[in-house]
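Colleague: This is coords.txt (compact mmCIF, C-alpha atoms).
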# COMPACT_ATOMS: atom_id res chain seq x y z
CA MET A 1 -0.61 76.43 -52.03
CA GLN A 2 0.28 73.19 -50.24
CA SER A 3 -0.04 73.22 -46.46
CA TRP A 4 2.71 71.46 -44.48
CA SER A 5 0.78 71.55 -41.21
CA GLN A 6 -1.01 68.28 -41.95
CA PRO A 7 0.95 64.99 -41.66
CA PRO A 8 1.18 62.86 -44.82
CA VAL A 9 -1.69 60.40 -45.14
CA LYS A 10 0.63 57.35 -45.31
CA LEU A 11 2.46 58.37 -42.13
CA LEU A 12 -0.85 58.88 -40.34
CA LEU A 13 -2.04 55.42 -41.39
CA VAL A 14 1.19 53.81 -40.13
CA PHE A 15 0.78 55.60 -36.81
CA LEU A 16 -2.82 54.43 -36.45
CA VAL A 17 -1.88 50.83 -37.26
CA LEU A 18 0.89 50.82 -34.67
CA TYR A 19 -1.33 52.54 -32.11
CA PHE A 20 -4.15 50.03 -32.37
CA ARG A 21 -1.72 47.08 -32.60
CA TYR A 22 0.12 47.89 -29.37
CA SER A 23 -2.45 49.98 -27.43
CA ASP A 24 -3.69 46.96 -25.51
CA SER A 25 -0.22 45.52 -24.86
CA GLU A 26 1.99 46.29 -21.89
CA ILE A 27 5.75 46.66 -21.85
CA ILE A 28 6.60 45.68 -18.30
CA PHE A 29 10.36 46.16 -18.58
CA GLU A 30 12.62 47.08 -21.48
CA GLU A 31 16.36 47.69 -21.18
CA ARG A 32 18.58 48.81 -24.07
CA PHE A 33 21.41 49.85 -21.70
CA GLU A 34 21.34 53.45 -22.82
CA ASP A 35 22.06 56.52 -20.68
CA GLY A 36 21.01 56.05 -17.06
CA TRP A 37 21.12 52.25 -17.07
CA GLN A 38 23.38 52.25 -13.98
CA ASP A 39 20.53 53.80 -12.00
CA ARG A 40 18.33 50.80 -12.74
CA TRP A 41 20.87 48.02 -12.21
CA VAL A 42 22.83 47.00 -9.12
CA VAL A 43 26.10 45.08 -9.40
CA SER A 44 26.27 42.45 -6.66
CA ASP A 45 29.22 41.94 -4.31
CA TRP A 46 28.48 38.21 -4.13
CA LYS A 47 31.78 36.27 -4.18
CA ARG A 48 33.78 39.54 -4.27
CA SER A 49 35.37 39.06 -0.85
CA GLU A 50 36.67 35.71 -2.10
CA GLY A 51 38.15 37.30 -5.21
CA LYS A 52 35.74 35.32 -7.40
CA ALA A 53 33.47 38.13 -8.63
CA GLY A 54 33.84 39.73 -12.05
CA PHE A 55 32.62 43.03 -13.48
CA PHE A 56 30.48 44.32 -16.33
CA LYS A 57 31.67 46.75 -18.99
CA HIS A 58 29.30 49.04 -20.91
CA THR A 59 30.27 48.34 -24.52
CA ALA A 60 29.08 47.22 -27.94
CA GLY A 61 31.92 44.70 -27.98
CA LYS A 62 34.84 44.23 -30.36
CA TRP A 63 32.59 43.95 -33.41
CA SER A 64 29.09 45.31 -33.79
CA GLY A 65 26.53 46.18 -36.42
CA ASP A 66 25.96 49.43 -34.57
CA PRO A 67 28.83 50.69 -32.35
CA ASP A 68 26.38 52.97 -30.50
CA ASP A 69 24.16 50.04 -29.50
CA LYS A 70 25.85 49.05 -26.25
CA GLY A 71 25.12 46.30 -23.77
CA ILE A 72 26.90 45.02 -20.68
CA GLN A 73 29.79 42.62 -21.13
CA THR A 74 31.22 40.19 -18.61
CA TYR A 75 34.81 41.04 -17.72
CA LYS A 76 37.57 38.96 -16.08
CA ASP A 77 37.97 35.25 -16.74
CA ALA A 78 36.95 32.48 -14.35
CA LYS A 79 34.58 34.67 -12.32
CA HIS A 80 31.00 34.88 -11.12
CA PHE A 81 28.91 37.71 -12.60
CA SER A 82 25.84 39.00 -10.76
CA ILE A 83 23.72 42.03 -11.55
CA SER A 84 20.01 42.72 -11.08
CA ALA A 85 17.29 45.31 -11.62
CA LYS A 86 14.07 45.90 -9.75
CA ILE A 87 11.05 46.04 -12.03
CA PRO A 88 7.38 46.93 -11.55
CA GLU A 89 5.74 43.93 -9.90
CA PHE A 90 3.54 42.04 -12.31
CA SER A 91 1.66 38.76 -12.71
CA ASN A 92 1.16 36.80 -15.91
CA LYS A 93 -2.22 35.46 -14.79
CA ASN A 94 -4.72 35.58 -17.67
CA ARG A 95 -2.20 37.02 -20.10
CA THR A 96 0.74 36.02 -22.25
CA LEU A 97 4.24 36.39 -20.89
CA VAL A 98 7.09 37.26 -23.25
CA VAL A 99 10.72 37.24 -22.04
CA GLN A 100 13.38 38.21 -24.57
CA TYR A 101 16.99 39.36 -24.70
CA SER A 102 20.08 39.25 -26.87
CA ILE A 103 23.52 37.86 -26.12
CA LYS A 104 26.79 37.77 -28.03
CA PHE A 105 29.50 35.29 -27.00
CA GLU A 106 32.54 37.19 -28.25
CA GLN A 107 34.86 34.92 -26.31
CA ASP A 108 35.74 31.25 -26.64
CA ILE A 109 33.62 30.69 -23.55
CA GLU A 110 34.80 27.09 -22.98
CA CYS A 111 32.31 26.66 -20.14
CA GLY A 112 29.72 29.03 -18.71
CA GLY A 113 26.21 30.43 -18.75
CA GLY A 114 24.51 33.19 -20.68
CA TYR A 115 21.00 33.07 -19.20
CA ILE A 116 18.76 35.50 -17.33
CA LYS A 117 16.47 34.96 -14.33
CA LEU A 118 13.14 36.34 -13.12
CA HIS A 119 12.69 36.56 -9.34
CA SER A 120 9.53 36.81 -7.28
CA GLY A 121 10.64 37.22 -3.68
CA TYR A 122 12.68 39.99 -2.10
CA VAL A 123 16.22 40.27 -3.44
CA ASN A 124 19.03 42.01 -1.57
CA GLN A 125 20.60 43.26 -4.77
CA LYS A 126 24.05 43.93 -3.29
CA LYS A 127 24.17 40.27 -2.24
CA TYR A 128 22.35 38.86 -5.25
CA GLY A 129 23.81 35.51 -6.34
CA GLY A 130 23.28 31.89 -7.20
CA ASP A 131 21.45 31.15 -3.93
CA ASN A 132 18.49 33.42 -4.74
CA PRO A 133 15.35 31.44 -5.68
CA TYR A 134 13.96 32.26 -9.12
CA SER A 135 10.67 31.79 -10.93
CA LEU A 136 12.11 31.47 -14.43
CA MET A 137 15.59 30.82 -15.81
CA PHE A 138 16.00 31.14 -19.54
CA GLY A 139 18.98 31.17 -21.89
CA PRO A 140 22.11 29.41 -23.16
CA ASP A 141 24.52 27.28 -21.13
CA ILE A 142 27.67 26.05 -22.89
CA CYS A 143 30.41 23.69 -21.72
CA GLY A 144 32.86 22.20 -24.20
CA SER A 145 31.64 20.69 -27.44
CA GLN A 146 29.03 18.46 -25.79
CA LYS A 147 26.85 20.87 -23.82
CA LYS A 148 25.11 23.57 -25.88
CA LYS A 149 21.84 23.73 -23.99
CA LEU A 150 19.12 26.35 -24.02
CA HIS A 151 17.66 26.32 -20.50
CA VAL A 152 13.98 26.84 -19.77
CA ILE A 153 13.51 26.21 -16.05
CA VAL A 154 10.26 27.17 -14.30
CA SER A 155 9.50 27.18 -10.60
CA TYR A 156 6.32 25.61 -9.25
CA HIS A 157 5.50 25.58 -5.55
CA GLY A 158 9.13 26.37 -4.71
CA GLN A 159 10.69 23.61 -6.82
CA ASN A 160 12.57 24.12 -10.09
CA TYR A 161 11.58 22.07 -13.12
CA PRO A 162 13.80 22.00 -16.27
CA ILE A 163 12.28 21.42 -19.67
CA LYS A 164 12.64 17.79 -20.78
CA LYS A 165 13.39 18.62 -24.40
CA ASP A 166 16.98 19.13 -25.51
CA ILE A 167 16.97 22.61 -27.08
CA GLN A 168 20.26 23.69 -28.62
CA CYS A 169 21.59 27.24 -28.35
CA GLU A 170 23.78 29.18 -30.78
CA THR A 171 27.55 28.96 -30.23
CA ASP A 172 29.05 31.37 -32.76
CA LYS A 173 30.43 34.82 -31.87
CA LEU A 174 27.56 36.90 -33.20
CA THR A 175 24.50 38.45 -31.54
CA HIS A 176 21.43 36.24 -31.17
CA PHE A 177 17.97 36.97 -29.73
CA TYR A 178 16.30 34.43 -27.44
CA THR A 179 12.55 34.62 -26.86
CA PHE A 180 10.32 32.63 -24.49
CA ILE A 181 6.52 32.96 -24.80
CA LEU A 182 4.20 31.44 -22.17
CA ARG A 183 0.44 31.56 -22.75
CA PRO A 184 -2.59 31.21 -20.44
CA ASP A 185 -3.41 27.82 -22.00
CA ALA A 186 0.00 26.62 -20.69
CA THR A 187 1.49 26.34 -24.18
CA TYR A 188 4.89 27.86 -24.87
CA THR A 189 7.15 28.79 -27.75
CA VAL A 190 10.94 29.24 -27.81
CA LEU A 191 12.34 31.36 -30.62
CA VAL A 192 15.90 32.13 -31.66
CA ASP A 193 16.27 35.17 -33.91
CA ASN A 194 12.50 35.13 -34.49
CA ARG A 195 12.56 31.53 -35.70
CA GLU A 196 10.64 28.90 -33.76
CA ARG A 197 13.06 26.51 -32.08
CA GLU A 198 10.54 24.63 -29.91
CA PHE A 199 6.81 24.52 -29.11
CA GLY A 200 4.76 22.53 -26.63
CA SER A 201 2.96 22.56 -23.29
CA LEU A 202 3.87 22.79 -19.62
CA TYR A 203 1.76 19.67 -19.13
CA THR A 204 3.87 17.47 -21.40
CA ASP A 205 7.34 19.01 -21.63
CA TRP A 206 7.97 19.46 -17.90
CA ASP A 207 7.49 16.92 -15.09
CA ILE A 208 5.57 19.43 -12.98
CA LEU A 209 2.28 17.57 -12.66
CA PRO A 210 1.71 13.82 -12.95
CA PRO A 211 0.83 12.86 -16.54
CA GLN A 212 -2.80 13.19 -17.52
CA LYS A 213 -2.78 9.77 -19.18
CA ILE A 214 -1.02 6.55 -18.20
CA LYS A 215 -0.89 3.11 -19.82
CA GLY A 216 -3.57 0.69 -18.72
CA ASP A 217 -3.66 -3.12 -18.64
CA SER A 218 -1.22 -4.47 -21.24
CA ARG A 219 -2.97 -7.88 -21.46
CA LYS A 220 -4.97 -8.46 -24.63
CA PRO A 221 -8.63 -9.37 -23.90
CA ALA A 222 -9.62 -12.91 -24.78
CA ASP A 223 -12.29 -11.69 -27.23
CA TRP A 224 -9.96 -9.29 -29.03
CA ASP A 225 -9.74 -10.36 -32.67
CA ASP A 226 -6.61 -8.90 -34.32
CA ARG A 227 -6.81 -11.03 -37.50
CA GLU A 228 -7.27 -8.59 -40.38
CA TYR A 229 -8.03 -11.41 -42.87
CA ILE A 230 -9.64 -14.83 -42.31
CA ASP A 231 -10.38 -17.93 -44.41
CA ASP A 232 -13.57 -17.65 -46.46
CA PRO A 233 -15.93 -20.17 -44.83
CA ASN A 234 -17.99 -20.31 -48.04
CA ASP A 235 -15.08 -21.29 -50.26
CA VAL A 236 -15.29 -24.95 -51.43
CA LYS A 237 -12.47 -27.10 -52.76
CA PRO A 238 -13.05 -28.01 -56.43
CA ALA A 239 -13.82 -31.65 -57.28
CA ARG A 240 -10.78 -33.84 -58.08
CA TYR A 241 -8.48 -31.00 -56.92
CA ASP A 242 -6.35 -33.46 -54.93
CA SER A 243 -5.96 -35.77 -57.95
CA ILE A 244 -3.92 -33.21 -59.89
CA PRO A 245 -0.28 -34.41 -59.74
CA ALA A 246 2.50 -32.02 -58.83
CA GLU A 247 4.66 -33.36 -61.69
CA ILE A 248 3.94 -34.82 -65.13
CA PRO A 249 6.09 -36.54 -67.81
CA ASP A 250 7.81 -34.05 -70.07
CA PRO A 251 5.84 -34.25 -73.34
CA LYS A 252 8.81 -32.87 -75.27
CA ALA A 253 11.24 -35.49 -74.09
CA LYS A 254 12.41 -38.14 -76.61
CA GLU A 255 13.93 -41.55 -76.03
CA PRO A 256 17.68 -41.46 -76.79
CA ASP A 257 18.73 -43.26 -79.99
CA ASP A 258 21.21 -45.45 -78.10
CA TRP A 259 18.67 -46.54 -75.50
CA ASP A 260 18.68 -50.35 -75.10
CA GLU A 261 15.65 -51.69 -73.25
CA ASP A 262 17.38 -55.01 -72.61
CA GLU A 263 20.24 -53.30 -70.85
CA ASP A 264 18.71 -49.99 -69.75
CA GLY A 265 15.17 -51.09 -68.99
CA LEU A 266 11.94 -49.41 -70.02
CA TRP A 267 12.58 -45.75 -70.94
CA LYS A 268 10.45 -43.16 -69.13
CA PRO A 269 10.36 -39.47 -69.92
CA PRO A 270 11.66 -37.18 -67.14
CA LYS A 271 9.21 -35.38 -64.87
CA ILE A 272 8.52 -31.63 -65.04
CA PRO A 273 6.35 -29.36 -62.82
CA ASN A 274 2.68 -29.63 -63.68
CA PRO A 275 1.39 -26.15 -64.68
CA ALA A 276 -2.10 -27.25 -63.61
CA TYR A 277 -0.94 -28.04 -60.09
CA LYS A 278 -1.71 -25.15 -57.67
CA GLY A 279 -0.33 -26.66 -54.49
CA PRO A 280 -2.28 -27.79 -51.46
CA TRP A 281 -5.75 -26.32 -51.54
CA LYS A 282 -6.37 -23.31 -49.25
CA ARG A 283 -9.48 -21.29 -48.72
CA LYS A 284 -9.44 -17.74 -50.08
CA LYS A 285 -8.85 -14.91 -47.59
CA ILE A 286 -11.51 -12.32 -46.91
CA LYS A 287 -11.69 -9.24 -44.67
CA ASN A 288 -12.45 -10.21 -41.10
CA PRO A 289 -15.76 -8.56 -40.11
CA ASN A 290 -14.76 -8.86 -36.42
CA TYR A 291 -11.30 -7.27 -36.88
CA LYS A 292 -10.58 -4.76 -34.08
CA GLY A 293 -7.10 -3.71 -35.14
CA LYS A 294 -3.70 -4.56 -33.73
CA TRP A 295 -3.75 -4.71 -29.97
CA LYS A 296 -2.11 -1.79 -28.21
CA THR A 297 -1.95 -1.09 -24.52
CA PRO A 298 -4.60 1.61 -24.01
CA TRP A 299 -3.99 5.01 -22.42
CA ILE A 300 -6.28 5.72 -19.51
CA ASP A 301 -6.92 8.69 -17.24
CA ASN A 302 -4.32 8.94 -14.49
CA PRO A 303 -6.10 8.78 -11.12
CA GLU A 304 -3.20 10.71 -9.56
CA PHE A 305 -3.52 13.63 -11.97
CA GLU A 306 -5.11 16.73 -10.52
CA ASP A 307 -5.28 19.66 -12.89
CA ASP A 308 -4.10 23.13 -11.93
CA PRO A 309 -5.61 25.78 -14.21
CA ASP A 310 -2.95 28.21 -12.94
CA LEU A 311 -0.07 25.95 -13.88
CA TYR A 312 1.29 28.65 -16.20
CA VAL A 313 1.13 31.41 -13.57
CA LEU A 314 4.46 32.42 -12.06
CA ASN A 315 4.66 34.03 -8.67
CA PRO A 316 4.48 37.83 -9.09
CA ILE A 317 7.77 38.97 -10.64
CA LYS A 318 9.73 41.76 -8.93
CA TYR A 319 13.32 41.48 -10.19
CA ILE A 320 15.28 40.45 -13.23
CA GLY A 321 18.87 39.30 -12.92
CA ILE A 322 21.95 37.99 -14.68
CA GLU A 323 23.82 35.49 -12.53
CA VAL A 324 26.34 33.36 -14.39
CA TRP A 325 29.80 31.83 -14.04
CA GLN A 326 32.17 31.77 -17.00
CA VAL A 327 35.61 30.29 -17.61
CA LYS A 328 36.26 32.89 -20.30
CA ALA A 329 34.51 36.25 -19.98
CA GLY A 330 33.32 38.46 -22.83
CA SER A 331 29.55 37.92 -23.26
CA VAL A 332 27.48 40.99 -24.18
CA PHE A 333 23.93 41.03 -22.74
CA ASP A 334 21.49 43.52 -24.27
CA ASN A 335 17.93 44.32 -25.38
CA ILE A 336 16.13 42.80 -22.40
CA LEU A 337 12.35 42.83 -22.78
CA ILE A 338 9.44 41.64 -20.65
CA CYS A 339 6.00 42.23 -22.13
CA ASP A 340 2.72 40.52 -23.01
CA ASP A 341 2.77 41.01 -26.78
CA PRO A 342 4.69 38.51 -28.94
CA GLU A 343 4.23 40.73 -31.99
CA TYR A 344 5.97 43.67 -30.32
CA ALA A 345 8.85 41.38 -29.30
CA ARG A 346 9.10 40.09 -32.87
CA GLN A 347 9.28 43.65 -34.19
CA VAL A 348 12.08 44.51 -31.74
CA VAL A 349 14.15 41.64 -33.10
CA GLU A 350 13.55 42.79 -36.67
CA ASP A 351 14.39 46.41 -35.88
CA ILE A 352 17.68 45.55 -34.14
CA TRP A 353 18.99 42.14 -35.18
CA GLY A 354 17.41 42.18 -38.62
CA LYS A 355 18.89 45.57 -39.39
CA ASN A 356 22.38 45.00 -37.95
CA LYS A 357 23.17 41.30 -38.50
CA GLU A 358 24.93 41.70 -41.86
CA ALA A 359 26.99 44.68 -40.69
CA GLU A 360 27.95 42.77 -37.53
CA LYS A 361 28.97 39.73 -39.55
CA GLU A 362 31.18 41.90 -41.78
CA ALA A 363 32.74 43.56 -38.72
CA TYR A 364 33.44 40.15 -37.21
CA GLU A 365 35.04 38.82 -40.39
CA GLU A 366 37.24 41.92 -40.60
CA ALA A 367 38.26 41.50 -36.95
CA GLU A 368 39.11 37.86 -37.67
CA LYS A 369 41.34 38.90 -40.58
CA VAL A 370 43.21 41.32 -38.34
CA ARG A 371 43.54 38.68 -35.61
CA ARG A 372 44.88 36.01 -37.99
CA ALA A 373 47.37 38.45 -39.54
CA ARG A 374 48.58 39.46 -36.07
CA GLU A 375 48.97 35.84 -34.99
CA GLU A 376 50.87 34.98 -38.17
CA LYS A 377 53.20 37.94 -37.62
CA GLU A 378 53.77 36.95 -34.01
CA ALA A 379 54.48 33.36 -35.09
CA GLU A 380 57.06 34.61 -37.62
CA ARG A 381 58.79 36.76 -34.98
CA THR A 382 58.84 33.84 -32.55
CA LYS A 383 60.36 31.59 -35.23
CA GLU A 384 63.00 34.18 -36.08
CA LYS A 385 63.99 34.53 -32.43
CA SER A 386 64.15 30.76 -32.09
CA ASP A 387 66.30 30.42 -35.20
CA LYS A 388 68.71 33.07 -33.92
CA ARG A 389 69.03 31.36 -30.54
CA ASN A 390 69.64 27.98 -32.14
CA GLY A 391 72.16 29.49 -34.59
CA SER A 392 74.22 31.07 -31.83
CA ARG A 393 74.48 27.73 -30.03
CA ARG A 394 75.80 25.85 -33.10
CA ARG A 395 79.13 27.43 -34.23
CA PRO A 396 80.17 26.18 -37.70
CA LYS A 397 83.30 23.91 -37.66
CA LYS A 398 86.20 25.03 -39.87
CA HIS A 399 87.23 22.60 -42.62
CA ASP A 400 90.64 20.89 -42.22
CA PRO A 401 92.00 19.31 -45.46
CA ASP A 402 93.90 16.74 -43.43
CA ASP A 403 90.63 15.27 -42.31
CA TYR A 404 90.32 13.52 -45.65
CA PHE A 405 93.73 11.89 -45.25
CA ASP A 406 92.87 10.77 -41.76
CA ASP A 407 89.74 9.11 -43.09
CA TYR A 408 91.73 7.53 -45.93
CA HIS A 409 94.35 6.08 -43.60
CA ASP A 410 91.67 4.83 -41.25
CA GLU A 411 90.13 2.89 -44.10
CA LEU A 412 93.53 1.38 -44.94
Output the structure of this file as structure tokens.
Modeller:
Amino acid sequence: MQSWSQPPVKLLLVFLVLYFRYSDSEIIFEERFEDGWQDRWVVSDWKRSEGKAGFFKHTAGKWSGDPDDKGIQTYKDAKHFSISAKIPEFSNKNRTLVVQYSIKFEQDIECGGGYIKLHSGYVNQKKYGGDNPYSLMFGPDICGSQKKKLHVIVSYHGQNYPIKKDIQCETDKLTHFYTFILRPDATYTVLVDNREREFGSLYTDWDILPPQKIKGDSRKPADWDDREYIDDPNDVKPARYDSIPAEIPDPKAKEPDDWDEDEDGLWKPPKIPNPAYKGPWKRKKIKNPNYKGKWKTPWIDNPEFEDDPDLYVLNPIKYIGIEVWQVKAGSVFDNILICDDPEYARQVVEDIWGKNKEAEKEAYEEAEKVRRAREEKEAERTKEKSDKRNGSRRRPKKHDPDDYFDDYHDEL
């Protein structure tokens, strides 16, 4: 008789693999905006007294791969949106930092941000806004067709430093995951939907510290030999080389039958190039044993560079916030994650985006069909109304047979 008290072997193995894979990792903050999310987040009143503050709606949006997977969506056009959550204080010293979230621009945003911020100092959450200093700002910023930037701005000693590379963000109306990974060796990776978009180092891709290397003296040293080939000093010009003529009489030429020496003078065959003539003698070229390569200005150590082994360390993080301004509202923020395990973050993307992306795309295409049909119908109704108005203004003129006679007499 089979006992059902023991778990299947395969299931047990999967559990053990996951346990050992993630047992040493730490999930510092994870927000799926499920039940109770309002208890963790505080909507700011920043700009509200001026009538410039928008709101957030708890929704999956107009089209979604999973209608039960809700985020928070910006609401009201041409507004500032500010919301924050307090998180357990943590430091990324001696460990990898992973910051990840998803965003869906359902609207034609025209101009506005879709980024998140990590804050280190105290934040009065009811007054949280654009004036609050941050330690990291990460995410898309779109304005028109020219600006489609993915921000990565880090704070160092109280000053903000944007990444020098131009990283492009997604601009369609579907959900995309953005991931920033910062390692203790100061290298970083930016991923979009689990695909690497950029990789590099804080030392080279931000102007935080002076460069480690600078160009030295550009003048070529007098003893620098950059001739790859030289004349062979042992090559000797053959005897009688200079006596070989460049041209010789054409041996195939014949004196014309009508040639008259008395009148035309002594006939001489025309000249042709001498196949034995090799041109002015030149020594053969050989490899230059003293060749040092083409001269390039050398890179030297920068005397102003002073390394900081904690360059990658952010001030201890205490809050996470969304603080953006948008011309057109409608962006859905969701699936916020702060942890120290890139593999766990990758799996989250696969479990949510990987599973739902096709269904979301189908839902979007269906919504677009409905929208286009509605717009076409509205356009037809507008045209019909316009035609009726124009028809009522132009009353048809009754035909008078005498008009023809009038025209006839006028022509006479």
Colleague: Would you work out the distance separating CA of Ser25 (chain A) from CA of Leu311 (chain A), expressed in Å to one decimal?
Modeller: 22.4 Å
Colleague: Under the rule that all atoms listed in the file are counted, which of A:Pro221, A:Ile320, A:Lys147, A:Tyr128 is the nearest residue to Leu337 (chain A)?
Modeller: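 Among the listed residues, A:Ile320 lies closest to Leu337 (chain A).
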Colleague: Name the residues within 12 Å of (31.6, 29.1, -30.1), counting only C-alpha atoms in the file's coordinates, and put them as a compact mmCIF listing (two decimals) with C-alpha atoms, keeping the file's coordinate frame.
Modeller:
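The new file out.txt reads:
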# COMPACT_ATOMS: atom_id res chain seq x y z
CA LYS A 104 26.79 37.77 -28.03
CA PHE A 105 29.50 35.29 -27.00
CA GLU A 106 32.54 37.19 -28.25
CA GLN A 107 34.86 34.92 -26.31
CA ASP A 108 35.74 31.25 -26.64
CA ILE A 109 33.62 30.69 -23.55
CA GLU A 110 34.80 27.09 -22.98
CA CYS A 111 32.31 26.66 -20.14
CA GLY A 112 29.72 29.03 -18.71
CA PRO A 140 22.11 29.41 -23.16
CA ASP A 141 24.52 27.28 -21.13
CA ILE A 142 27.67 26.05 -22.89
CA CYS A 143 30.41 23.69 -21.72
CA GLY A 144 32.86 22.20 -24.20
CA SER A 145 31.64 20.69 -27.44
CA GLN A 146 29.03 18.46 -25.79
CA LYS A 147 26.85 20.87 -23.82
CA LYS A 148 25.11 23.57 -25.88
CA CYS A 169 21.59 27.24 -28.35
CA GLU A 170 23.78 29.18 -30.78
CA THR A 171 27.55 28.96 -30.23
CA ASP A 172 29.05 31.37 -32.76
CA LYS A 173 30.43 34.82 -31.87
CA LEU A 174 27.56 36.90 -33.20
CA THR A 175 24.50 38.45 -31.54
CA LYS A 328 36.26 32.89 -20.30
CA GLY A 330 33.32 38.46 -22.83
CA SER A 331 29.55 37.92 -23.26
Colleague: Give me, as a ChimeraX atom specification, all polymer residues having an atom no more than 8 Å from region 81-90 of chain A, counting only C-alpha atoms and skipping those fewer than 4 positions away in the same chain.
Modeller: /A:28-29,40-46,53-56,74,125,128-129,316-325
Colleague: So which one's closest to Pro275 (chain A), A:Pro245, A:Trp259, A:Leu202, A:Pro298? Using all atoms listed in the file, please.
Modeller: A:Pro245
Colleague: Fewer than 2 positions away in the same chain doesn't count, so skip those; otherwise give me all residues within 10 Å of Ser64 (chain A), counting all atoms listed in the file, as a list in words.
Modeller: Thr59, Ala60, Gly61, Lys62, Asp66, Pro67, Asp68, Asp69, Lys70, Lys104, Leu174, Thr175, Asn356, Lys357, Glu358, Ala359, Glu360, Lys361, Glu362, Ala363 and Tyr364 of chain A
Colleague: Calculated over all atoms listed in the file, which of the candidates A:His119, A:Arg389, A:Tyr161, A:Gln326 has the smallest distance to Asp131 (chain A)?
Modeller: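 Ranked by minimum distance to Asp131 (chain A), first place goes to A:His119.
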Colleague: Give me, as a PyMOL selection string, all polymer residues having an atom no more than 12 Å from Pro210 (chain A), counting only C-alpha atoms and skipping those fewer than 5 positions away in the same chain.
Modeller: chain A and resi 202-205+301-308
Colleague: Could you jot down the CA of Val236 (chain A) to CA of Tyr291 (chain A) separation for me, Å, one decimal place?
Modeller: 23.2 Å
Colleague: Write out as a list in words which residues come within 9 Å of Asp225 (chain A) when counting all atoms listed in the file, dropping same-chain ones fewer than 5 positions away.
Modeller: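 Surrounding residues, per the criterion: Asn288, Asn290, Tyr291, Lys292, Gly293, Lys294 and Trp295 of chain A.
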Colleague: For a quick check of understanding, using only C-alpha atoms, which of A:Ile181, A:Gln100, A:His80, A:Lys215 has the smallest distance to Trp299 (chain A)?
Modeller: A:Lys215
Colleague: Near Gly71 (chain A), counting all atoms listed in the file, which residues have an atom at most 10 Å away, once you skip same-chain residues fewer than 6 positions from it, shown as a list of chain:residue names?
Modeller: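 Once the adjacent positions are removed, what remains is A:Glu31, A:Arg32, A:Phe33, A:Glu34, A:Trp37, A:Phe56, A:Lys57, A:His58, A:Thr59, A:Ala60, A:Gly61, A:Ser102, A:Ile103, A:Lys104, A:Ser331, A:Val332, A:Phe333, A:Asp334, A:Asn335, A:Ile336.
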Colleague: Have a look at A:Asn94, A:Gln73, A:Ser49, A:Thr297 and name the one nearest to Ala329 (chain A); count only C-alpha atoms.
Modeller: A:Gln73
Colleague: Just the number, please: distance in Å from CA of Trp267 (chain A) to CA of Pro249 (chain A), one decimal.
Modeller: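 Interatomic distance, CA of Trp267 (chain A) to CA of Pro249 (chain A): 11.7 Å.
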